[in-house]
Every structure is written in structure tokens, then in C-alpha cells.
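As stored in run-v7.pdb (PDB, C-alpha atoms, pLDDT in the B column):
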ATOM      1  CA  MET H1499      15.386  13.525  -9.471  1.00 67.00           C
ATOM      2  CA  LYS H1500      17.192  12.144  -6.454  1.00 72.00           C
ATOM      3  CA  GLY H1501      15.156  11.679  -3.294  1.00 84.00           C
ATOM      4  CA  LEU H1502      11.934  12.829  -4.985  1.00 92.00           C
ATOM      5  CA  GLN H1503       8.779  11.314  -3.555  1.00 94.00           C
ATOM      6  CA  VAL H1504       5.067  11.767  -3.943  1.00 95.00           C
ATOM      7  CA  ARG H1505       2.741  12.209  -0.989  1.00 94.00           C
ATOM      8  CA  SER H1506      -1.006  12.268  -0.977  1.00 93.00           C
ATOM      9  CA  LYS H1507      -3.873  12.817   1.371  1.00 93.00           C
ATOM     10  CA  LEU H1508      -7.418  11.739   0.888  1.00 94.00           C
ATOM     11  CA  TRP H1509     -10.603  12.503   2.751  1.00 96.00           C
ATOM     12  CA  LEU H1510     -14.363  12.296   2.431  1.00 96.00           C
ATOM     13  CA  GLU H1511     -16.714  15.242   2.558  1.00 96.00           C
ATOM     14  CA  VAL H1512     -20.462  15.615   2.792  1.00 94.00           C
ATOM     15  CA  ASP H1513     -21.831  18.689   1.062  1.00 90.00           C
ATOM     16  CA  GLY H1514     -18.370  20.271   1.023  1.00 90.00           C
ATOM     17  CA  GLU H1515     -17.668  19.725   4.712  1.00 92.00           C
ATOM     18  CA  PRO H1516     -15.079  17.255   6.019  1.00 93.00           C
ATOM     19  CA  LEU H1517     -16.537  13.926   7.089  1.00 96.00           C
ATOM     20  CA  LEU H1518     -13.670  11.472   7.370  1.00 97.00           C
ATOM     21  CA  GLY H1519      -9.913  11.896   7.093  1.00 96.00           C
ATOM     22  CA  ASN H1520      -6.951  10.268   8.784  1.00 95.00           C
ATOM     23  CA  GLY H1521      -7.657  11.744  12.220  1.00 96.00           C
ATOM     24  CA  ARG H1522     -11.312  10.764  12.463  1.00 97.00           C
ATOM     25  CA  ASP H1523     -10.535   7.411  10.923  1.00 98.00           C
ATOM     26  CA  GLN H1524      -8.029   6.819  13.724  1.00 98.00           C
ATOM     27  CA  LEU H1525     -10.521   7.954  16.354  1.00 98.00           C
ATOM     28  CA  LEU H1526     -13.194   5.530  15.138  1.00 98.00           C
ATOM     29  CA  ARG H1527     -10.681   2.691  14.989  1.00 98.00           C
ATOM     30  CA  LEU H1528      -9.534   3.384  18.539  1.00 98.00           C
ATOM     31  CA  VAL H1529     -13.133   3.472  19.795  1.00 97.00           C
ATOM     32  CA  HIS H1530     -13.563   0.097  18.148  1.00 97.00           C
ATOM     33  CA  ASP H1531     -10.343  -1.331  19.640  1.00 97.00           C
ATOM     34  CA  HIS H1532     -10.939  -0.040  23.162  1.00 96.00           C
ATOM     35  CA  GLY H1533     -14.724  -0.258  23.258  1.00 95.00           C
ATOM     36  CA  SER H1534     -14.502   3.167  24.834  1.00 94.00           C
ATOM     37  CA  ILE H1535     -14.644   6.753  23.596  1.00 94.00           C
ATOM     38  CA  ASN H1536     -12.766   7.822  26.689  1.00 93.00           C
ATOM     39  CA  ALA H1537      -9.824   5.476  26.101  1.00 95.00           C
ATOM     40  CA  ALA H1538      -9.763   6.388  22.396  1.00 96.00           C
ATOM     41  CA  ALA H1539      -9.662  10.088  23.226  1.00 96.00           C
ATOM     42  CA  ARG H1540      -6.829   9.522  25.702  1.00 96.00           C
ATOM     43  CA  ASP H1541      -4.776   7.642  23.083  1.00 97.00           C
ATOM     44  CA  MET H1542      -5.130  10.586  20.729  1.00 97.00           C
ATOM     45  CA  GLY H1543      -4.461  13.281  23.289  1.00 97.00           C
ATOM     46  CA  LEU H1544      -8.005  14.608  22.958  1.00 97.00           C
ATOM     47  CA  THR H1545     -10.431  15.483  25.704  1.00 96.00           C
ATOM     48  CA  TYR H1546     -13.484  13.244  25.956  1.00 94.00           C
ATOM     49  CA  ARG H1547     -15.582  16.244  25.026  1.00 95.00           C
ATOM     50  CA  LYS H1548     -13.585  16.898  21.844  1.00 96.00           C
ATOM     51  CA  ALA H1549     -13.708  13.248  20.782  1.00 96.00           C
ATOM     52  CA  TRP H1550     -17.412  13.086  21.461  1.00 94.00           C
ATOM     53  CA  SER H1551     -18.070  16.233  19.433  1.00 95.00           C
ATOM     54  CA  LEU H1552     -16.063  14.878  16.482  1.00 96.00           C
ATOM     55  CA  LEU H1553     -18.125  11.699  16.524  1.00 96.00           C
ATOM     56  CA  LYS H1554     -21.346  13.661  16.894  1.00 96.00           C
ATOM     57  CA  ALA H1555     -20.427  15.908  13.954  1.00 95.00           C
ATOM     58  CA  MET H1556     -19.810  12.877  11.748  1.00 96.00           C
ATOM     59  CA  GLU H1557     -23.103  11.309  12.758  1.00 96.00           C
ATOM     60  CA  ASP H1558     -24.968  14.535  12.065  1.00 95.00           C
ATOM     61  CA  LYS H1559     -23.384  14.864   8.633  1.00 94.00           C
ATOM     62  CA  LEU H1560     -24.147  11.296   7.699  1.00 93.00           C
ATOM     63  CA  GLY H1561     -27.558  11.222   9.362  1.00 92.00           C
ATOM     64  CA  ARG H1562     -26.614   7.864  10.846  1.00 93.00           C
ATOM     65  CA  ALA H1563     -25.368   6.540  14.158  1.00 96.00           C
ATOM     66  CA  LEU H1564     -21.716   5.514  14.114  1.00 97.00           C
ATOM     67  CA  VAL H1565     -21.194   4.723  17.789  1.00 96.00           C
ATOM     68  CA  LEU H1566     -23.561   2.937  20.153  1.00 94.00           C
ATOM     69  CA  ARG H1567     -23.078   3.973  23.743  1.00 82.00           C
ATOM     70  CA  SER H1568     -24.377   1.719  26.488  1.00 74.00           C
ATOM     71  CA  LYS H1569     -24.519   3.259  29.942  1.00 66.00           C
ATOM     72  CA  GLY H1570     -22.378   1.226  32.309  1.00 61.00           C
ATOM     73  CA  GLY H1571     -21.616   0.904  35.983  1.00 55.00           C
ATOM     74  CA  ALA H1572     -18.670   2.290  37.912  1.00 54.00           C
ATOM     75  CA  GLY H1573     -16.215   1.963  35.006  1.00 53.00           C
ATOM     76  CA  GLY H1574     -18.428   3.788  32.517  1.00 60.00           C
ATOM     77  CA  GLY H1575     -20.290   2.270  29.584  1.00 72.00           C
ATOM     78  CA  GLU H1576     -18.988   0.377  26.593  1.00 89.00           C
ATOM     79  CA  SER H1577     -19.001   1.989  23.188  1.00 93.00           C
ATOM     80  CA  GLN H1578     -19.354   0.010  20.002  1.00 94.00           C
ATOM     81  CA  LEU H1579     -19.209   0.976  16.363  1.00 97.00           C
ATOM     82  CA  THR H1580     -22.361   0.424  14.353  1.00 97.00           C
ATOM     83  CA  PRO H1581     -22.282  -1.752  11.218  1.00 97.00           C
ATOM     84  CA  GLU H1582     -22.517   1.504   9.203  1.00 95.00           C
ATOM     85  CA  ALA H1583     -19.356   2.813  10.859  1.00 97.00           C
ATOM     86  CA  LEU H1584     -17.484  -0.436  10.228  1.00 97.00           C
ATOM     87  CA  ASP H1585     -18.607  -0.379   6.603  1.00 96.00           C
ATOM     88  CA  LEU H1586     -17.495   3.230   6.200  1.00 96.00           C
ATOM     89  CA  LEU H1587     -14.073   2.492   7.723  1.00 97.00           C
ATOM     90  CA  ALA H1588     -13.592  -0.565   5.525  1.00 97.00           C
ATOM     91  CA  LYS H1589     -14.428   1.376   2.380  1.00 96.00           C
ATOM     92  CA  TYR H1590     -12.298   4.345   3.339  1.00 96.00           C
ATOM     93  CA  ASP H1591      -9.403   2.005   3.998  1.00 96.00           C
ATOM     94  CA  GLN H1592      -9.828   0.332   0.599  1.00 94.00           C
ATOM     95  CA  LEU H1593     -10.079   3.721  -1.072  1.00 94.00           C
ATOM     96  CA  ARG H1594      -6.942   4.972   0.639  1.00 94.00           C
ATOM     97  CA  ARG H1595      -4.896   1.875  -0.166  1.00 92.00           C
ATOM     98  CA  GLY H1596      -6.141   1.730  -3.723  1.00 90.00           C
ATOM     99  CA  VAL H1597      -5.338   5.374  -4.316  1.00 90.00           C
ATOM    100  CA  GLN H1598      -1.892   5.071  -2.731  1.00 89.00           C
ATOM    101  CA  GLU H1599      -1.028   2.291  -5.163  1.00 90.00           C
ATOM    102  CA  LEU H1600      -2.326   4.290  -8.096  1.00 88.00           C
ATOM    103  CA  VAL H1601      -0.439   7.396  -7.013  1.00 92.00           C
ATOM    104  CA  ASP H1602       2.795   5.439  -6.689  1.00 92.00           C
ATOM    105  CA  ALA H1603       2.307   3.848 -10.107  1.00 92.00           C
ATOM    106  CA  LYS H1604       1.513   7.153 -11.793  1.00 91.00           C
ATOM    107  CA  PHE H1605       4.477   8.814 -10.127  1.00 94.00           C
ATOM    108  CA  ALA H1606       6.836   6.022 -11.232  1.00 94.00           C
ATOM    109  CA  GLU H1607       5.521   6.405 -14.772  1.00 93.00           C
ATOM    110  CA  LEU H1608       6.094  10.172 -14.896  1.00 92.00           C
ATOM    111  CA  PHE H1609       9.227  10.826 -12.841  1.00 91.00           C
TER
ATOM    112  CA  MET X 537     -24.597   8.147   0.939  1.00 67.00           C
ATOM    113  CA  LYS X 538     -26.119  11.379  -0.191  1.00 72.00           C
ATOM    114  CA  GLY X 539     -23.780  14.280  -0.857  1.00 84.00           C
ATOM    115  CA  LEU X 540     -20.688  12.173  -0.164  1.00 92.00           C
ATOM    116  CA  GLN X 541     -17.598  13.240  -2.076  1.00 94.00           C
ATOM    117  CA  VAL X 542     -13.931  12.381  -2.114  1.00 95.00           C
ATOM    118  CA  ARG X 543     -11.208  15.021  -1.962  1.00 94.00           C
ATOM    119  CA  SER X 544      -7.515  14.543  -2.384  1.00 93.00           C
ATOM    120  CA  LYS X 545      -4.318  16.493  -2.190  1.00 93.00           C
ATOM    121  CA  LEU X 546      -1.039  15.599  -3.728  1.00 94.00           C
ATOM    122  CA  TRP X 547       2.441  17.016  -3.366  1.00 96.00           C
ATOM    123  CA  LEU X 548       6.068  16.213  -4.055  1.00 96.00           C
ATOM    124  CA  GLU X 549       8.765  15.971  -1.428  1.00 96.00           C
ATOM    125  CA  VAL X 550      12.523  15.715  -1.533  1.00 94.00           C
ATOM    126  CA  ASP X 551      14.031  13.738   1.333  1.00 90.00           C
ATOM    127  CA  GLY X 552      10.827  14.095   3.333  1.00 90.00           C
ATOM    128  CA  GLU X 553      10.535  17.879   2.916  1.00 92.00           C
ATOM    129  CA  PRO X 554       7.848  19.552   0.801  1.00 93.00           C
ATOM    130  CA  LEU X 555       9.018  20.516  -2.675  1.00 96.00           C
ATOM    131  CA  LEU X 556       5.926  21.220  -4.749  1.00 97.00           C
ATOM    132  CA  GLY X 557       2.252  21.412  -3.859  1.00 96.00           C
ATOM    133  CA  ASN X 558      -0.642  23.499  -5.088  1.00 95.00           C
ATOM    134  CA  GLY X 559       0.691  26.786  -3.694  1.00 95.00           C
ATOM    135  CA  ARG X 560       4.197  26.576  -5.125  1.00 97.00           C
ATOM    136  CA  ASP X 561       2.788  25.235  -8.366  1.00 98.00           C
ATOM    137  CA  GLN X 562       0.639  28.348  -8.621  1.00 98.00           C
ATOM    138  CA  LEU X 563       3.577  30.592  -7.782  1.00 98.00           C
ATOM    139  CA  LEU X 564       5.743  29.108 -10.529  1.00 98.00           C
ATOM    140  CA  ARG X 565       2.889  29.347 -13.036  1.00 98.00           C
ATOM    141  CA  LEU X 566       2.316  32.987 -12.178  1.00 98.00           C
ATOM    142  CA  VAL X 567       6.017  33.776 -12.528  1.00 97.00           C
ATOM    143  CA  HIS X 568       5.823  32.166 -15.952  1.00 97.00           C
ATOM    144  CA  ASP X 569       2.669  34.088 -16.943  1.00 97.00           C
ATOM    145  CA  HIS X 570       3.871  37.469 -15.712  1.00 96.00           C
ATOM    146  CA  GLY X 571       7.573  37.084 -16.421  1.00 95.00           C
ATOM    147  CA  SER X 572       7.993  38.601 -12.978  1.00 94.00           C
ATOM    148  CA  ILE X 573       8.419  37.274  -9.458  1.00 94.00           C
ATOM    149  CA  ASN X 574       7.110  40.563  -8.130  1.00 93.00           C
ATOM    150  CA  ALA X 575       3.844  40.411 -10.089  1.00 95.00           C
ATOM    151  CA  ALA X 576       3.404  36.725  -9.207  1.00 96.00           C
ATOM    152  CA  ALA X 577       3.890  37.469  -5.513  1.00 96.00           C
ATOM    153  CA  ARG X 578       1.352  40.307  -5.698  1.00 96.00           C
ATOM    154  CA  ASP X 579      -1.237  38.007  -7.318  1.00 97.00           C
ATOM    155  CA  MET X 580      -0.844  35.553  -4.472  1.00 97.00           C
ATOM    156  CA  GLY X 581      -0.824  38.115  -1.691  1.00 97.00           C
ATOM    157  CA  LEU X 582       2.788  37.311  -0.825  1.00 97.00           C
ATOM    158  CA  THR X 583       5.630  39.707  -0.252  1.00 96.00           C
ATOM    159  CA  TYR X 584       8.374  39.603  -2.840  1.00 94.00           C
ATOM    160  CA  ARG X 585      10.709  38.364  -0.130  1.00 95.00           C
ATOM    161  CA  LYS X 586       8.424  35.445   0.739  1.00 96.00           C
ATOM    162  CA  ALA X 587       7.923  34.454  -2.910  1.00 96.00           C
ATOM    163  CA  TRP X 588      11.636  34.659  -3.521  1.00 94.00           C
ATOM    164  CA  SER X 589      12.410  32.500  -0.495  1.00 96.00           C
ATOM    165  CA  LEU X 590       9.889  29.854  -1.611  1.00 96.00           C
ATOM    166  CA  LEU X 591      11.523  29.701  -5.028  1.00 96.00           C
ATOM    167  CA  LYS X 592      14.985  29.615  -3.491  1.00 96.00           C
ATOM    168  CA  ALA X 593      13.969  26.765  -1.164  1.00 95.00           C
ATOM    169  CA  MET X 594      12.702  24.738  -4.120  1.00 96.00           C
ATOM    170  CA  GLU X 595      15.886  25.343  -6.073  1.00 96.00           C
ATOM    171  CA  ASP X 596      18.028  24.350  -3.110  1.00 95.00           C
ATOM    172  CA  LYS X 597      16.072  21.141  -2.592  1.00 94.00           C
ATOM    173  CA  LEU X 598      16.260  20.190  -6.246  1.00 93.00           C
ATOM    174  CA  GLY X 599      19.818  21.401  -6.734  1.00 92.00           C
ATOM    175  CA  ARG X 600      18.671  23.068  -9.948  1.00 93.00           C
ATOM    176  CA  ALA X 601      17.710  26.544 -11.069  1.00 96.00           C
ATOM    177  CA  LEU X 602      13.988  26.998 -11.633  1.00 97.00           C
ATOM    178  CA  VAL X 603      13.842  30.718 -12.316  1.00 96.00           C
ATOM    179  CA  LEU X 604      16.258  32.794 -14.384  1.00 94.00           C
ATOM    180  CA  ARG X 605      16.380  36.391 -13.253  1.00 82.00           C
ATOM    181  CA  SER X 606      17.748  38.992 -15.617  1.00 74.00           C
ATOM    182  CA  LYS X 607      18.526  42.342 -14.046  1.00 66.00           C
ATOM    183  CA  GLY X 608      16.514  45.031 -15.745  1.00 61.00           C
ATOM    184  CA  GLY X 609      16.238  48.773 -15.902  1.00 56.00           C
ATOM    185  CA  ALA X 610      13.741  51.011 -14.146  1.00 54.00           C
ATOM    186  CA  GLY X 611      10.918  48.472 -14.240  1.00 53.00           C
ATOM    187  CA  GLY X 612      12.966  45.653 -12.739  1.00 60.00           C
ATOM    188  CA  GLY X 613      14.190  42.541 -14.519  1.00 71.00           C
ATOM    189  CA  GLU X 614      12.275  39.825 -16.278  1.00 89.00           C
ATOM    190  CA  SER X 615      12.052  36.415 -14.702  1.00 93.00           C
ATOM    191  CA  GLN X 616      11.756  33.250 -16.749  1.00 94.00           C
ATOM    192  CA  LEU X 617      11.251  29.634 -15.787  1.00 97.00           C
ATOM    193  CA  THR X 618      14.024  27.259 -16.745  1.00 97.00           C
ATOM    194  CA  PRO X 619      13.264  24.215 -18.912  1.00 97.00           C
ATOM    195  CA  GLU X 620      13.636  22.111 -15.736  1.00 95.00           C
ATOM    196  CA  ALA X 621      10.903  24.133 -14.020  1.00 97.00           C
ATOM    197  CA  LEU X 622       8.585  23.818 -17.012  1.00 97.00           C
ATOM    198  CA  ASP X 623       9.205  20.093 -17.129  1.00 96.00           C
ATOM    199  CA  LEU X 624       8.519  19.749 -13.410  1.00 96.00           C
ATOM    200  CA  LEU X 625       5.257  21.715 -13.700  1.00 97.00           C
ATOM    201  CA  ALA X 626       4.109  19.668 -16.678  1.00 97.00           C
ATOM    202  CA  LYS X 627       4.776  16.399 -14.885  1.00 96.00           C
ATOM    203  CA  TYR X 628       3.167  17.556 -11.658  1.00 96.00           C
ATOM    204  CA  ASP X 629       0.104  18.617 -13.620  1.00 96.00           C
ATOM    205  CA  GLN X 630      -0.123  15.250 -15.348  1.00 94.00           C
ATOM    206  CA  LEU X 631       0.327  13.482 -12.027  1.00 94.00           C
ATOM    207  CA  ARG X 632      -2.381  15.547 -10.383  1.00 93.00           C
ATOM    208  CA  ARG X 633      -4.885  15.092 -13.190  1.00 92.00           C
ATOM    209  CA  GLY X 634      -4.151  11.407 -13.509  1.00 90.00           C
ATOM    210  CA  VAL X 635      -4.554  10.846  -9.800  1.00 90.00           C
ATOM    211  CA  GLN X 636      -7.779  12.855  -9.651  1.00 89.00           C
ATOM    212  CA  GLU X 637      -9.299  10.614 -12.301  1.00 89.00           C
ATOM    213  CA  LEU X 638      -8.148   7.498 -10.502  1.00 88.00           C
ATOM    214  CA  VAL X 639      -9.466   8.744  -7.163  1.00 92.00           C
ATOM    215  CA  ASP X 640     -12.851   9.511  -8.691  1.00 92.00           C
ATOM    216  CA  ALA X 641     -13.013   6.097 -10.347  1.00 92.00           C
ATOM    217  CA  LYS X 642     -12.008   4.255  -7.186  1.00 91.00           C
ATOM    218  CA  PHE X 643     -14.511   6.245  -5.149  1.00 94.00           C
ATOM    219  CA  ALA X 644     -17.326   5.509  -7.616  1.00 94.00           C
ATOM    220  CA  GLU X 645     -16.438   1.823  -7.421  1.00 93.00           C
ATOM    221  CA  LEU X 646     -16.547   1.677  -3.619  1.00 92.00           C
ATOM    222  CA  PHE X 647     -19.257   4.113  -2.553  1.00 91.00           C
TER
END
Using C-alpha cells, write down the structure that the file contains.
Amino acid sequence: MKGLQVRSKLWLEVDGEPLLGNGRDQLLRLVHDHGSINAAARDMGLTYRKAWSLLKAMEDKLGRALVLRSKGGAGGGESQLTPEALDLLAKYDQLRRGVQELVDAKFAELF
Amino acid sequence: MKGLQVRSKLWLEVDGEPLLGNGRDQLLRLVHDHGSINAAARDMGLTYRKAWSLLKAMEDKLGRALVLRSKGGAGGGESQLTPEALDLLAKYDQLRRGVQELVDAKFAELF
């Protein structure tokens, strides 16, 4: 069929509750890039409070720290992702890419 | 990680607009089961008008008839899926199942 395409979305849950999807993945990556929750939140059009609560919710669900916050001076502290967070992002990325390839292949086979 | 699960969603688009996802798939299947758009709409908590407009939108996007409506007597007409609709549903089902298996396998491999 002309113009037909397949789209897919993939996310992780813990005990049936969302843990990591595209939005939170982007938030963590921006924290990593900027070294700052505040700058990451701004990039995503979120308040600092909202970004912080998303990160906190993920940490609570996983029972692990994802972001290390060091109190800073005038400019505010630096934030860094923990090795666990980097590992989670790397795996999620591999999962997403792998699945996208498989979806495309399966679609090409059927349609 | 304990309790970690992967979830995925898959849908078809035509020229970047949604054609078929879980909801419309269910609607078409119910029309098929009941032989009636009205009964299908009722099962899904939709008005007849809404169900009809969803079906119409799909037909317009595909440029093909999906439901054949035959005018009936007092009880209203029967509705039947066209062979094209049945083919589309069968392929979408295969795609969905296939992808679910692949997602599960990929997840098990990574996490």
C-alpha cells in the first residue's frame, strides 16, 4: 500500500509503572550533556521541579541513584549521571535501535 | 533489575498520519464479529458517529473500502469487512506478534 509505514514506541516499566521512555531518556541525556538538571529542564521546557521529580521517581523505582548532585557556588552545583544511569541509557538505546531494525524488517516482509 | 519489563506499541501510518493501531484494530474486529458497526461502537463505548468516522478516515487514507454496509430493515443493515480489511488485520496481527517476540528476545539479551 502506497505511503504505508510502521511506527513503534518502546519503554521500560518497573512493576507495571513507567520507568524509562523517550522523554525521560532525553532528560537523562541532557543532564549528562549539560552537567546540570536546571539546563536540561530548560532545554525540555520543564520546570526544575518537574525535572527533578521525574528523576526522583525513576530513582525510587529502580532503588538506585541515577544523578549525583554536588552543591556548588554561585552558579549552582554540577550534576552527573551515575554509572548505573549510563548503563541503563546505553542498554535502552541498544534495545530501541535493535527493535527498530527488527520492526522495519518484519514490516518489509509482511507488507 | 528486579521487576523490570519492556513494553511496546506499534501502529501503521499512511503519509505520516495514523492508520491502524490497537484501537482501530479492535473496532474492525468487533465490526467483523458483530456484523454491525453499531454493536461494535457500543462494545467500545463509542458513539455510532465516532466509530463510523474512524472507519471512514481509514478508508480515505487507504483509498479502499474496509467495511461493506448493506441497508437493512427494521434492525438496521449488516456490516461486513472487505477482503482488504481482513488482509490488513491479519498482517497487522502478524506484525504485532512478531515484533512482541523480537522485543522480548532483545530485552532478555540486554537486561
Item to check | Residue list for chain X near chain H as a PyMOL selection string, 6 Å, all atoms listed in the file | outcome: chain X and resi 539-551
Evaluated on this file, the PyMOL selection byres ((chain X and resi 566) around 12) picks out some residues - which ones are they, written as a PDB file with C-alpha atoms, in the coordinates of the input?
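Done, and the output landed in part-v5.pdb:
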ATOM      1  CA  GLY X 559       0.691  26.786  -3.694  1.00 95.00           C
ATOM      2  CA  ARG X 560       4.197  26.576  -5.125  1.00 97.00           C
ATOM      3  CA  ASP X 561       2.788  25.235  -8.366  1.00 98.00           C
ATOM      4  CA  GLN X 562       0.639  28.348  -8.621  1.00 98.00           C
ATOM      5  CA  LEU X 563       3.577  30.592  -7.782  1.00 98.00           C
ATOM      6  CA  LEU X 564       5.743  29.108 -10.529  1.00 98.00           C
ATOM      7  CA  ARG X 565       2.889  29.347 -13.036  1.00 98.00           C
ATOM      8  CA  VAL X 567       6.017  33.776 -12.528  1.00 97.00           C
ATOM      9  CA  HIS X 568       5.823  32.166 -15.952  1.00 97.00           C
ATOM     10  CA  ASP X 569       2.669  34.088 -16.943  1.00 97.00           C
ATOM     11  CA  HIS X 570       3.871  37.469 -15.712  1.00 96.00           C
ATOM     12  CA  GLY X 571       7.573  37.084 -16.421  1.00 95.00           C
ATOM     13  CA  SER X 572       7.993  38.601 -12.978  1.00 94.00           C
ATOM     14  CA  ILE X 573       8.419  37.274  -9.458  1.00 94.00           C
ATOM     15  CA  ASN X 574       7.110  40.563  -8.130  1.00 93.00           C
ATOM     16  CA  ALA X 575       3.844  40.411 -10.089  1.00 95.00           C
ATOM     17  CA  ALA X 576       3.404  36.725  -9.207  1.00 96.00           C
ATOM     18  CA  ALA X 577       3.890  37.469  -5.513  1.00 96.00           C
ATOM     19  CA  ARG X 578       1.352  40.307  -5.698  1.00 96.00           C
ATOM     20  CA  ASP X 579      -1.237  38.007  -7.318  1.00 97.00           C
ATOM     21  CA  MET X 580      -0.844  35.553  -4.472  1.00 97.00           C
ATOM     22  CA  ALA X 587       7.923  34.454  -2.910  1.00 96.00           C
ATOM     23  CA  VAL X 603      13.842  30.718 -12.316  1.00 96.00           C
ATOM     24  CA  SER X 615      12.052  36.415 -14.702  1.00 93.00           C
ATOM     25  CA  GLN X 616      11.756  33.250 -16.749  1.00 94.00           C
ATOM     26  CA  LEU X 617      11.251  29.634 -15.787  1.00 97.00           C
ATOM     27  CA  LEU X 625       5.257  21.715 -13.700  1.00 97.00           C
TER      28      LEU X 625
END
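CA of Glu620 in chain X is positioned 23.9 Å from CA of Leu582 in chain X.
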Axis-aligned box for range 1522-1530 of chain H, 3 Å per side, centre and edges in Å as AutoDock Vina command-line options:
--center_x -10.8 --center_y 5.4 --center_z 15.4 --size_x 11.5 --size_y 16.7 --size_z 14.9
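Picture a line from CA of Gly1575 in chain H to CA of Asp1558 in chain H; it runs 21.9 Å.
When CA of Ala1555 in chain H is paired with CA of Ala1583 in chain H, their separation reads 13.5 Å.
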